[in-house]
Amino acid sequence: MSLSDKQEADLIAAAQAAAEHAYAPYSDYPVGAALLFEDGAVITGCNVENASYGLALCAETVAVAKALGEGRRGGLAAVAVVGLKADAEPITPCGRCRQVLNEVAALGGTDPLVLCVSKDDVRRVSLSELLPHAFGPGHLG
Ligand code: THU
């Protein structure tokens with residue numbers, strides 16, 4: 001899956017805007033994620049931390065929870081992840097978020113493009129490159 005320059009810029013802008021809402025007082029590392037679906041819908045999330053540090057939710061996980069909670073079951077075409085404090089090296093989804101993203105992707109049989117964004121760079125990878133041989137709903141029969 002590839003996006004036009006405009007689709008890519010719009011998705012990154014949506015993730016950036018979501019990062020502005022990040023609740024990250026403990027790490028001071030705001031992150032935004034934007035999920036693009038095949039029908040054009042965009043669902044965003046930001047990281048949400050907690051005074052009990054280990055309960056932090058990543059931006060991608062929040063976005064996926066919103067998408068599934070709104071009834072989305074597949075159709076995930078692309079994801080943008082923006083770390084407002086990521087300078088040179090683009091942020092990439094953490095391991096748990098790769099698995100969480102895989103759930104929505106697997107439900108619709110797509111392999112979404114993941115745009116990993118820093119101030120200076122955009123890294124384009126597929127979810128299957130980030131999470132090869134993924135465990136998914138299909139394994140449960
Ligand atoms: N974080 C994300 O939101 N997504 C990732 O993929 C990596 C990390 C958040 C979690 C925590 O709130 C902060 O970044 C620092 O780890």
# chains A, B, ... in the order shown; residues from 1 in each chain; ligands from 1
call {"tool": "residues_near_ligand", "arguments": {"ligand": "ligand 1", "cutoff": "8 Å", "atoms": "only C-alpha atoms and all ligand atoms", "output": "compact mmCIF listing (two decimals) with N, CA, C and O atoms, in the first residue's frame"}}
result
# COMPACT_ATOMS: atom_id res chain seq x y z
N TYR A 23 -1.38 13.24 27.04
CA TYR A 23 -1.27 13.44 28.49
C TYR A 23 -0.02 12.67 28.92
O TYR A 23 -0.07 11.46 29.16
N ALA A 24 1.09 13.37 28.90
CA ALA A 24 2.39 12.71 29.14
C ALA A 24 3.23 13.51 30.13
O ALA A 24 4.38 13.86 29.86
N TYR A 26 4.63 12.59 32.84
CA TYR A 26 5.71 11.83 33.50
C TYR A 26 6.89 11.62 32.58
O TYR A 26 8.04 11.79 32.97
N SER A 27 6.61 11.25 31.33
CA SER A 27 7.72 11.04 30.38
C SER A 27 8.07 12.33 29.64
O SER A 27 9.16 12.46 29.10
N ASP A 28 7.14 13.25 29.58
CA ASP A 28 7.31 14.45 28.74
C ASP A 28 7.69 14.03 27.32
O ASP A 28 8.55 14.66 26.69
N TYR A 29 7.04 12.98 26.83
CA TYR A 29 7.32 12.47 25.48
C TYR A 29 5.98 12.29 24.77
O TYR A 29 5.43 11.18 24.72
N PRO A 30 5.43 13.38 24.24
CA PRO A 30 4.10 13.30 23.62
C PRO A 30 4.15 12.56 22.28
O PRO A 30 5.04 12.78 21.46
N VAL A 31 3.17 11.69 22.11
CA VAL A 31 3.09 10.88 20.88
C VAL A 31 1.66 10.98 20.34
O VAL A 31 0.69 11.02 21.10
N GLY A 32 1.55 11.02 19.03
CA GLY A 32 0.23 10.98 18.38
C GLY A 32 0.23 9.89 17.32
O GLY A 32 1.26 9.61 16.69
N ALA A 33 -0.92 9.28 17.15
CA ALA A 33 -1.06 8.25 16.11
C ALA A 33 -2.33 8.55 15.32
O ALA A 33 -3.32 9.05 15.87
N CYS A 46 -3.63 9.60 21.28
CA CYS A 46 -2.39 10.14 21.86
C CYS A 46 -2.04 9.29 23.07
O CYS A 46 -2.88 8.53 23.57
N ASN A 47 -0.81 9.41 23.54
CA ASN A 47 -0.48 8.63 24.74
C ASN A 47 -1.13 9.25 25.98
O ASN A 47 -1.29 10.47 26.08
N VAL A 48 -1.54 8.36 26.87
CA VAL A 48 -2.25 8.74 28.09
C VAL A 48 -1.55 8.07 29.25
O VAL A 48 -1.63 6.84 29.41
N GLU A 49 -0.84 8.87 30.04
CA GLU A 49 -0.06 8.31 31.14
C GLU A 49 -0.86 8.33 32.44
O GLU A 49 -2.00 8.81 32.48
N ALA A 56 0.57 3.45 31.69
CA ALA A 56 0.54 4.34 30.51
C ALA A 56 0.01 3.60 29.29
O ALA A 56 0.32 2.43 29.05
N LEU A 57 -0.80 4.32 28.53
CA LEU A 57 -1.31 3.80 27.26
C LEU A 57 -0.61 4.54 26.12
O LEU A 57 -0.54 5.77 26.13
N CYS A 58 -0.14 3.79 25.14
CA CYS A 58 0.52 4.40 23.98
C CYS A 58 -0.52 4.99 23.03
O CYS A 58 -1.69 4.55 23.00
N ALA A 59 -0.06 5.91 22.22
CA ALA A 59 -0.95 6.59 21.27
C ALA A 59 -1.61 5.61 20.30
O ALA A 59 -2.81 5.71 20.01
N GLU A 60 -0.84 4.65 19.81
CA GLU A 60 -1.38 3.69 18.83
C GLU A 60 -2.46 2.83 19.47
O GLU A 60 -3.48 2.52 18.86
N THR A 61 -2.22 2.44 20.72
CA THR A 61 -3.20 1.60 21.43
C THR A 61 -4.50 2.37 21.66
O THR A 61 -5.60 1.81 21.50
N VAL A 81 2.69 7.62 13.02
CA VAL A 81 3.05 7.78 14.43
C VAL A 81 4.06 8.92 14.51
O VAL A 81 5.09 8.91 13.83
N GLY A 83 6.28 11.37 17.14
CA GLY A 83 6.80 11.71 18.47
C GLY A 83 7.25 13.16 18.43
O GLY A 83 8.17 13.48 17.68
N ILE A 91 10.32 7.80 15.51
CA ILE A 91 9.72 6.91 16.50
C ILE A 91 9.12 5.71 15.76
O ILE A 91 8.60 5.86 14.66
N THR A 92 9.23 4.53 16.34
CA THR A 92 8.53 3.37 15.77
C THR A 92 7.62 2.80 16.85
O THR A 92 7.92 2.92 18.04
N PRO A 93 6.51 2.19 16.44
CA PRO A 93 5.59 1.66 17.45
C PRO A 93 6.28 0.64 18.35
O PRO A 93 7.07 -0.18 17.87
N CYS A 94 5.98 0.70 19.63
CA CYS A 94 6.56 -0.27 20.57
C CYS A 94 6.02 -1.66 20.25
O CYS A 94 5.06 -1.82 19.49
N GLY A 95 6.61 -2.66 20.84
CA GLY A 95 6.22 -4.04 20.54
C GLY A 95 4.76 -4.32 20.81
O GLY A 95 4.06 -4.96 20.01
N CYS A 97 2.30 -2.22 20.84
CA CYS A 97 1.46 -1.52 19.86
C CYS A 97 1.48 -2.22 18.50
O CYS A 97 0.48 -2.20 17.79
call {"tool": "residues_around", "arguments": {"residues": "His139 (chain A)", "least_positions_apart": "4", "cutoff": "12 Å", "atoms": "only C-alpha atoms", "output": "PyMOL selection string"}}
result
chain A and resi 103+106-107+133-135
call {"tool": "atom_distance", "arguments": {"atom1": "CA of Arg123 (chain A)", "atom2": "CA of Gly69 (chain A)"}}
result
28.6 Å
call {"tool": "select_by_dssp", "arguments": {"residues": "region 16-132 of chain A", "states": "strand (DSSP E)", "output": "number ranges by chain"}}
result
A: 31-37, 42-46, 76-83, 113-117, 122-126
call {"tool": "atom_distance", "arguments": {"atom1": "CA of Pro112 (chain A)", "atom2": "CA of Val64 (chain A)"}}
result
13.2 Å
call {"tool": "residues_around", "arguments": {"residues": "Thr110 (chain A)", "least_positions_apart": "4", "cutoff": "10 Å", "atoms": "only C-alpha atoms", "output": "PyMOL selection string"}}
result
chain A and resi 1+38+74-78+102+104-106+127-128
call {"tool": "write_last_selection", "arguments": {"atoms": "N, CA, C and O atoms", "output": "short mmCIF file (atom, residue, chain, number, x, y, z; two decimals), in the first residue's frame"}}
result
data_model
loop_
_atom_site.label_atom_id
_atom_site.label_comp_id
_atom_site.auth_asym_id
_atom_site.auth_seq_id
_atom_site.Cartn_x
_atom_site.Cartn_y
_atom_site.Cartn_z
N MET A 1 0.86 -1.21 0.00
CA MET A 1 0.00 0.00 0.00
C MET A 1 0.88 1.24 0.00
O MET A 1 1.82 1.35 0.78
N GLU A 38 -9.66 2.29 4.77
CA GLU A 38 -9.85 2.24 3.32
C GLU A 38 -11.00 3.13 2.84
O GLU A 38 -11.01 3.54 1.70
N GLY A 74 -11.28 -4.09 10.71
CA GLY A 74 -10.46 -4.23 9.51
C GLY A 74 -10.49 -2.97 8.67
O GLY A 74 -10.98 -1.93 9.09
N GLY A 75 -9.91 -3.09 7.47
CA GLY A 75 -9.87 -1.94 6.56
C GLY A 75 -8.77 -0.95 6.90
O GLY A 75 -8.78 0.18 6.42
N LEU A 76 -7.81 -1.38 7.72
CA LEU A 76 -6.74 -0.46 8.11
C LEU A 76 -5.71 -0.35 6.97
O LEU A 76 -5.04 -1.33 6.62
N ALA A 77 -5.60 0.85 6.40
CA ALA A 77 -4.73 1.05 5.24
C ALA A 77 -3.36 1.59 5.64
O ALA A 77 -2.34 1.21 5.05
N ALA A 78 -3.32 2.50 6.60
CA ALA A 78 -2.04 3.13 6.95
C ALA A 78 -2.12 3.71 8.36
O ALA A 78 -3.21 3.97 8.89
N ASN A 102 -1.85 -5.01 14.80
CA ASN A 102 -2.04 -6.21 13.99
C ASN A 102 -3.46 -6.76 14.10
O ASN A 102 -3.98 -7.35 13.16
N VAL A 104 -6.37 -5.15 14.28
CA VAL A 104 -7.27 -4.49 13.32
C VAL A 104 -6.88 -4.84 11.90
O VAL A 104 -7.73 -5.06 11.04
N ALA A 105 -5.57 -4.89 11.65
CA ALA A 105 -5.11 -5.21 10.29
C ALA A 105 -5.56 -6.62 9.91
O ALA A 105 -6.11 -6.84 8.82
N ALA A 106 -5.35 -7.56 10.81
CA ALA A 106 -5.66 -8.96 10.50
C ALA A 106 -7.15 -9.17 10.28
O ALA A 106 -7.55 -9.99 9.44
N LEU A 127 3.48 -2.99 8.35
CA LEU A 127 3.31 -3.58 9.68
C LEU A 127 3.94 -4.97 9.72
O LEU A 127 4.52 -5.36 10.73
N SER A 128 3.85 -5.72 8.60
CA SER A 128 4.43 -7.08 8.61
C SER A 128 5.96 -7.03 8.71
O SER A 128 6.57 -7.99 9.16
#
call {"tool": "closest_residue", "arguments": {"among": "A:Leu55, A:Ala80, A:Ala41, A:Val62", "to": "Cys116 (chain A)", "atoms": "only C-alpha atoms"}}
result
A:Ala80
call {"tool": "select_by_dssp", "arguments": {"residues": "region 6-115 of chain A", "states": "helix (DSSP H, G or I)", "output": "number ranges by chain"}}
result
A: 6-19, 53-55, 59-69, 95-108
call {"tool": "atom_distance", "arguments": {"atom1": "CA of Leu11 (chain A)", "atom2": "CA of Gly45 (chain A)"}}
result
12.3 Å
call {"tool": "closest_residue", "arguments": {"among": "A:Lys119, A:Pro137, A:Ala19, A:Ala14", "to": "Ala86 (chain A)", "atoms": "only C-alpha atoms"}}
result
A:Lys119
call {"tool": "closest_residue", "arguments": {"among": "A:Lys6, A:Lys85, A:Arg96, A:Arg73", "to": "Gly108 (chain A)", "atoms": "only C-alpha atoms"}}
result
A:Arg73
call {"tool": "closest_residue", "arguments": {"among": "A:Leu35, A:Ala22, A:Gly71, A:Leu130", "to": "Gln7 (chain A)", "atoms": "only C-alpha atoms"}}
result
A:Leu35
call {"tool": "closest_residue", "arguments": {"among": "A:His21, A:Ser2, A:Thr44, A:Val122", "to": "Glu89 (chain A)", "atoms": "only C-alpha atoms"}}
result
A:Val122
call {"tool": "closest_residue", "arguments": {"among": "A:Ala9, A:Val125, A:Val117, A:Ile43", "to": "Leu68 (chain A)", "atoms": "only C-alpha atoms"}}
result
A:Ile43
call {"tool": "decode", "arguments": {"residues": "region 92-124 of chain A", "atoms": "N, CA, C and O atoms", "output": "PDB file, in the first residue's frame"}}
result
ATOM      1  N   THR A  92       9.234   4.532  16.338  1.00  0.00           N
ATOM      2  CA  THR A  92       8.534   3.372  15.767  1.00  0.00           C
ATOM      3  C   THR A  92       7.622   2.803  16.850  1.00  0.00           C
ATOM      4  O   THR A  92       7.916   2.923  18.039  1.00  0.00           O
ATOM      5  N   PRO A  93       6.510   2.195  16.444  1.00  0.00           N
ATOM      6  CA  PRO A  93       5.585   1.656  17.446  1.00  0.00           C
ATOM      7  C   PRO A  93       6.282   0.638  18.350  1.00  0.00           C
ATOM      8  O   PRO A  93       7.070  -0.185  17.869  1.00  0.00           O
ATOM      9  N   CYS A  94       5.981   0.697  19.630  1.00  0.00           N
ATOM     10  CA  CYS A  94       6.563  -0.267  20.567  1.00  0.00           C
ATOM     11  C   CYS A  94       6.016  -1.662  20.251  1.00  0.00           C
ATOM     12  O   CYS A  94       5.058  -1.822  19.491  1.00  0.00           O
ATOM     13  N   GLY A  95       6.614  -2.664  20.838  1.00  0.00           N
ATOM     14  CA  GLY A  95       6.223  -4.044  20.539  1.00  0.00           C
ATOM     15  C   GLY A  95       4.758  -4.323  20.810  1.00  0.00           C
ATOM     16  O   GLY A  95       4.059  -4.963  20.007  1.00  0.00           O
ATOM     17  N   ARG A  96       4.282  -3.826  21.936  1.00  0.00           N
ATOM     18  CA  ARG A  96       2.876  -4.077  22.287  1.00  0.00           C
ATOM     19  C   ARG A  96       1.952  -3.429  21.260  1.00  0.00           C
ATOM     20  O   ARG A  96       0.947  -4.010  20.850  1.00  0.00           O
ATOM     21  N   CYS A  97       2.301  -2.219  20.837  1.00  0.00           N
ATOM     22  CA  CYS A  97       1.458  -1.521  19.858  1.00  0.00           C
ATOM     23  C   CYS A  97       1.475  -2.219  18.504  1.00  0.00           C
ATOM     24  O   CYS A  97       0.476  -2.199  17.791  1.00  0.00           O
ATOM     25  N   ARG A  98       2.590  -2.825  18.141  1.00  0.00           N
ATOM     26  CA  ARG A  98       2.631  -3.584  16.879  1.00  0.00           C
ATOM     27  C   ARG A  98       1.589  -4.698  16.926  1.00  0.00           C
ATOM     28  O   ARG A  98       0.860  -4.950  15.973  1.00  0.00           O
ATOM     29  N   GLN A  99       1.531  -5.367  18.046  1.00  0.00           N
ATOM     30  CA  GLN A  99       0.554  -6.459  18.218  1.00  0.00           C
ATOM     31  C   GLN A  99      -0.873  -5.910  18.212  1.00  0.00           C
ATOM     32  O   GLN A  99      -1.774  -6.496  17.609  1.00  0.00           O
ATOM     33  N   VAL A 100      -1.075  -4.800  18.880  1.00  0.00           N
ATOM     34  CA  VAL A 100      -2.412  -4.201  18.951  1.00  0.00           C
ATOM     35  C   VAL A 100      -2.863  -3.742  17.556  1.00  0.00           C
ATOM     36  O   VAL A 100      -4.013  -3.952  17.151  1.00  0.00           O
ATOM     37  N   LEU A 101      -1.949  -3.130  16.799  1.00  0.00           N
ATOM     38  CA  LEU A 101      -2.276  -2.714  15.423  1.00  0.00           C
ATOM     39  C   LEU A 101      -2.580  -3.924  14.557  1.00  0.00           C
ATOM     40  O   LEU A 101      -3.468  -3.895  13.687  1.00  0.00           O
ATOM     41  N   ASN A 102      -1.851  -5.007  14.803  1.00  0.00           N
ATOM     42  CA  ASN A 102      -2.039  -6.210  13.989  1.00  0.00           C
ATOM     43  C   ASN A 102      -3.458  -6.759  14.105  1.00  0.00           C
ATOM     44  O   ASN A 102      -3.980  -7.350  13.165  1.00  0.00           O
ATOM     45  N   GLU A 103      -4.080  -6.571  15.255  1.00  0.00           N
ATOM     46  CA  GLU A 103      -5.441  -7.086  15.436  1.00  0.00           C
ATOM     47  C   GLU A 103      -6.385  -6.469  14.405  1.00  0.00           C
ATOM     48  O   GLU A 103      -7.116  -7.185  13.724  1.00  0.00           O
ATOM     49  N   VAL A 104      -6.373  -5.154  14.283  1.00  0.00           N
ATOM     50  CA  VAL A 104      -7.272  -4.486  13.321  1.00  0.00           C
ATOM     51  C   VAL A 104      -6.875  -4.842  11.896  1.00  0.00           C
ATOM     52  O   VAL A 104      -7.730  -5.059  11.038  1.00  0.00           O
ATOM     53  N   ALA A 105      -5.573  -4.891  11.645  1.00  0.00           N
ATOM     54  CA  ALA A 105      -5.107  -5.214  10.293  1.00  0.00           C
ATOM     55  C   ALA A 105      -5.556  -6.622   9.908  1.00  0.00           C
ATOM     56  O   ALA A 105      -6.109  -6.836   8.818  1.00  0.00           O
ATOM     57  N   ALA A 106      -5.352  -7.563  10.811  1.00  0.00           N
ATOM     58  CA  ALA A 106      -5.658  -8.960  10.504  1.00  0.00           C
ATOM     59  C   ALA A 106      -7.154  -9.168  10.276  1.00  0.00           C
ATOM     60  O   ALA A 106      -7.554  -9.986   9.439  1.00  0.00           O
ATOM     61  N   LEU A 107      -7.983  -8.422  10.988  1.00  0.00           N
ATOM     62  CA  LEU A 107      -9.442  -8.583  10.832  1.00  0.00           C
ATOM     63  C   LEU A 107      -9.872  -8.300   9.399  1.00  0.00           C
ATOM     64  O   LEU A 107     -10.852  -8.864   8.919  1.00  0.00           O
ATOM     65  N   GLY A 108      -9.129  -7.410   8.709  1.00  0.00           N
ATOM     66  CA  GLY A 108      -9.480  -7.081   7.326  1.00  0.00           C
ATOM     67  C   GLY A 108      -8.473  -7.590   6.309  1.00  0.00           C
ATOM     68  O   GLY A 108      -8.570  -7.280   5.125  1.00  0.00           O
ATOM     69  N   GLY A 109      -7.485  -8.344   6.782  1.00  0.00           N
ATOM     70  CA  GLY A 109      -6.490  -8.907   5.877  1.00  0.00           C
ATOM     71  C   GLY A 109      -5.635  -7.875   5.173  1.00  0.00           C
ATOM     72  O   GLY A 109      -5.185  -8.094   4.048  1.00  0.00           O
ATOM     73  N   THR A 110      -5.380  -6.748   5.814  1.00  0.00           N
ATOM     74  CA  THR A 110      -4.508  -5.739   5.204  1.00  0.00           C
ATOM     75  C   THR A 110      -3.134  -5.740   5.890  1.00  0.00           C
ATOM     76  O   THR A 110      -2.995  -6.244   7.012  1.00  0.00           O
ATOM     77  N   ASP A 111      -2.168  -5.199   5.178  1.00  0.00           N
ATOM     78  CA  ASP A 111      -0.828  -5.020   5.752  1.00  0.00           C
ATOM     79  C   ASP A 111      -0.515  -3.520   5.693  1.00  0.00           C
ATOM     80  O   ASP A 111       0.067  -3.031   4.725  1.00  0.00           O
ATOM     81  N   PRO A 112      -0.955  -2.769   6.696  1.00  0.00           N
ATOM     82  CA  PRO A 112      -0.882  -1.306   6.607  1.00  0.00           C
ATOM     83  C   PRO A 112       0.539  -0.766   6.511  1.00  0.00           C
ATOM     84  O   PRO A 112       1.478  -1.323   7.085  1.00  0.00           O
ATOM     85  N   LEU A 113       0.640   0.322   5.772  1.00  0.00           N
ATOM     86  CA  LEU A 113       1.871   1.104   5.738  1.00  0.00           C
ATOM     87  C   LEU A 113       1.968   1.858   7.060  1.00  0.00           C
ATOM     88  O   LEU A 113       0.981   2.442   7.515  1.00  0.00           O
ATOM     89  N   VAL A 114       3.139   1.841   7.666  1.00  0.00           N
ATOM     90  CA  VAL A 114       3.341   2.585   8.917  1.00  0.00           C
ATOM     91  C   VAL A 114       4.350   3.699   8.651  1.00  0.00           C
ATOM     92  O   VAL A 114       5.481   3.434   8.233  1.00  0.00           O
ATOM     93  N   LEU A 115       3.905   4.921   8.873  1.00  0.00           N
ATOM     94  CA  LEU A 115       4.776   6.093   8.706  1.00  0.00           C
ATOM     95  C   LEU A 115       5.317   6.460  10.076  1.00  0.00           C
ATOM     96  O   LEU A 115       4.551   6.825  10.976  1.00  0.00           O
ATOM     97  N   CYS A 116       6.606   6.310  10.244  1.00  0.00           N
ATOM     98  CA  CYS A 116       7.257   6.593  11.522  1.00  0.00           C
ATOM     99  C   CYS A 116       7.933   7.952  11.366  1.00  0.00           C
ATOM    100  O   CYS A 116       8.818   8.108  10.515  1.00  0.00           O
ATOM    101  N   VAL A 117       7.521   8.913  12.202  1.00  0.00           N
ATOM    102  CA  VAL A 117       7.846  10.302  11.905  1.00  0.00           C
ATOM    103  C   VAL A 117       8.665  10.963  13.017  1.00  0.00           C
ATOM    104  O   VAL A 117       8.314  10.883  14.202  1.00  0.00           O
ATOM    105  N   SER A 118       9.746  11.601  12.617  1.00  0.00           N
ATOM    106  CA  SER A 118      10.491  12.478  13.530  1.00  0.00           C
ATOM    107  C   SER A 118      10.491  13.875  12.917  1.00  0.00           C
ATOM    108  O   SER A 118       9.935  14.092  11.829  1.00  0.00           O
ATOM    109  N   LYS A 119      11.151  14.802  13.585  1.00  0.00           N
ATOM    110  CA  LYS A 119      11.214  16.167  13.041  1.00  0.00           C
ATOM    111  C   LYS A 119      11.898  16.171  11.680  1.00  0.00           C
ATOM    112  O   LYS A 119      11.527  16.903  10.778  1.00  0.00           O
ATOM    113  N   ASP A 120      12.915  15.308  11.531  1.00  0.00           N
ATOM    114  CA  ASP A 120      13.759  15.366  10.333  1.00  0.00           C
ATOM    115  C   ASP A 120      13.474  14.296   9.301  1.00  0.00           C
ATOM    116  O   ASP A 120      14.063  14.324   8.224  1.00  0.00           O
ATOM    117  N   ASP A 121      12.635  13.314   9.636  1.00  0.00           N
ATOM    118  CA  ASP A 121      12.601  12.133   8.784  1.00  0.00           C
ATOM    119  C   ASP A 121      11.235  11.444   8.835  1.00  0.00           C
ATOM    120  O   ASP A 121      10.502  11.573   9.816  1.00  0.00           O
ATOM    121  N   VAL A 122      10.915  10.718   7.751  1.00  0.00           N
ATOM    122  CA  VAL A 122       9.754   9.820   7.751  1.00  0.00           C
ATOM    123  C   VAL A 122      10.258   8.454   7.301  1.00  0.00           C
ATOM    124  O   VAL A 122      10.853   8.336   6.227  1.00  0.00           O
ATOM    125  N   ARG A 123      10.065   7.456   8.142  1.00  0.00           N
ATOM    126  CA  ARG A 123      10.447   6.090   7.762  1.00  0.00           C
ATOM    127  C   ARG A 123       9.169   5.342   7.381  1.00  0.00           C
ATOM    128  O   ARG A 123       8.194   5.351   8.130  1.00  0.00           O
ATOM    129  N   ARG A 124       9.186   4.717   6.212  1.00  0.00           N
ATOM    130  CA  ARG A 124       8.004   4.004   5.715  1.00  0.00           C
ATOM    131  C   ARG A 124       8.254   2.510   5.791  1.00  0.00           C
ATOM    132  O   ARG A 124       9.151   2.000   5.106  1.00  0.00           O
TER     133      ARG A 124
END
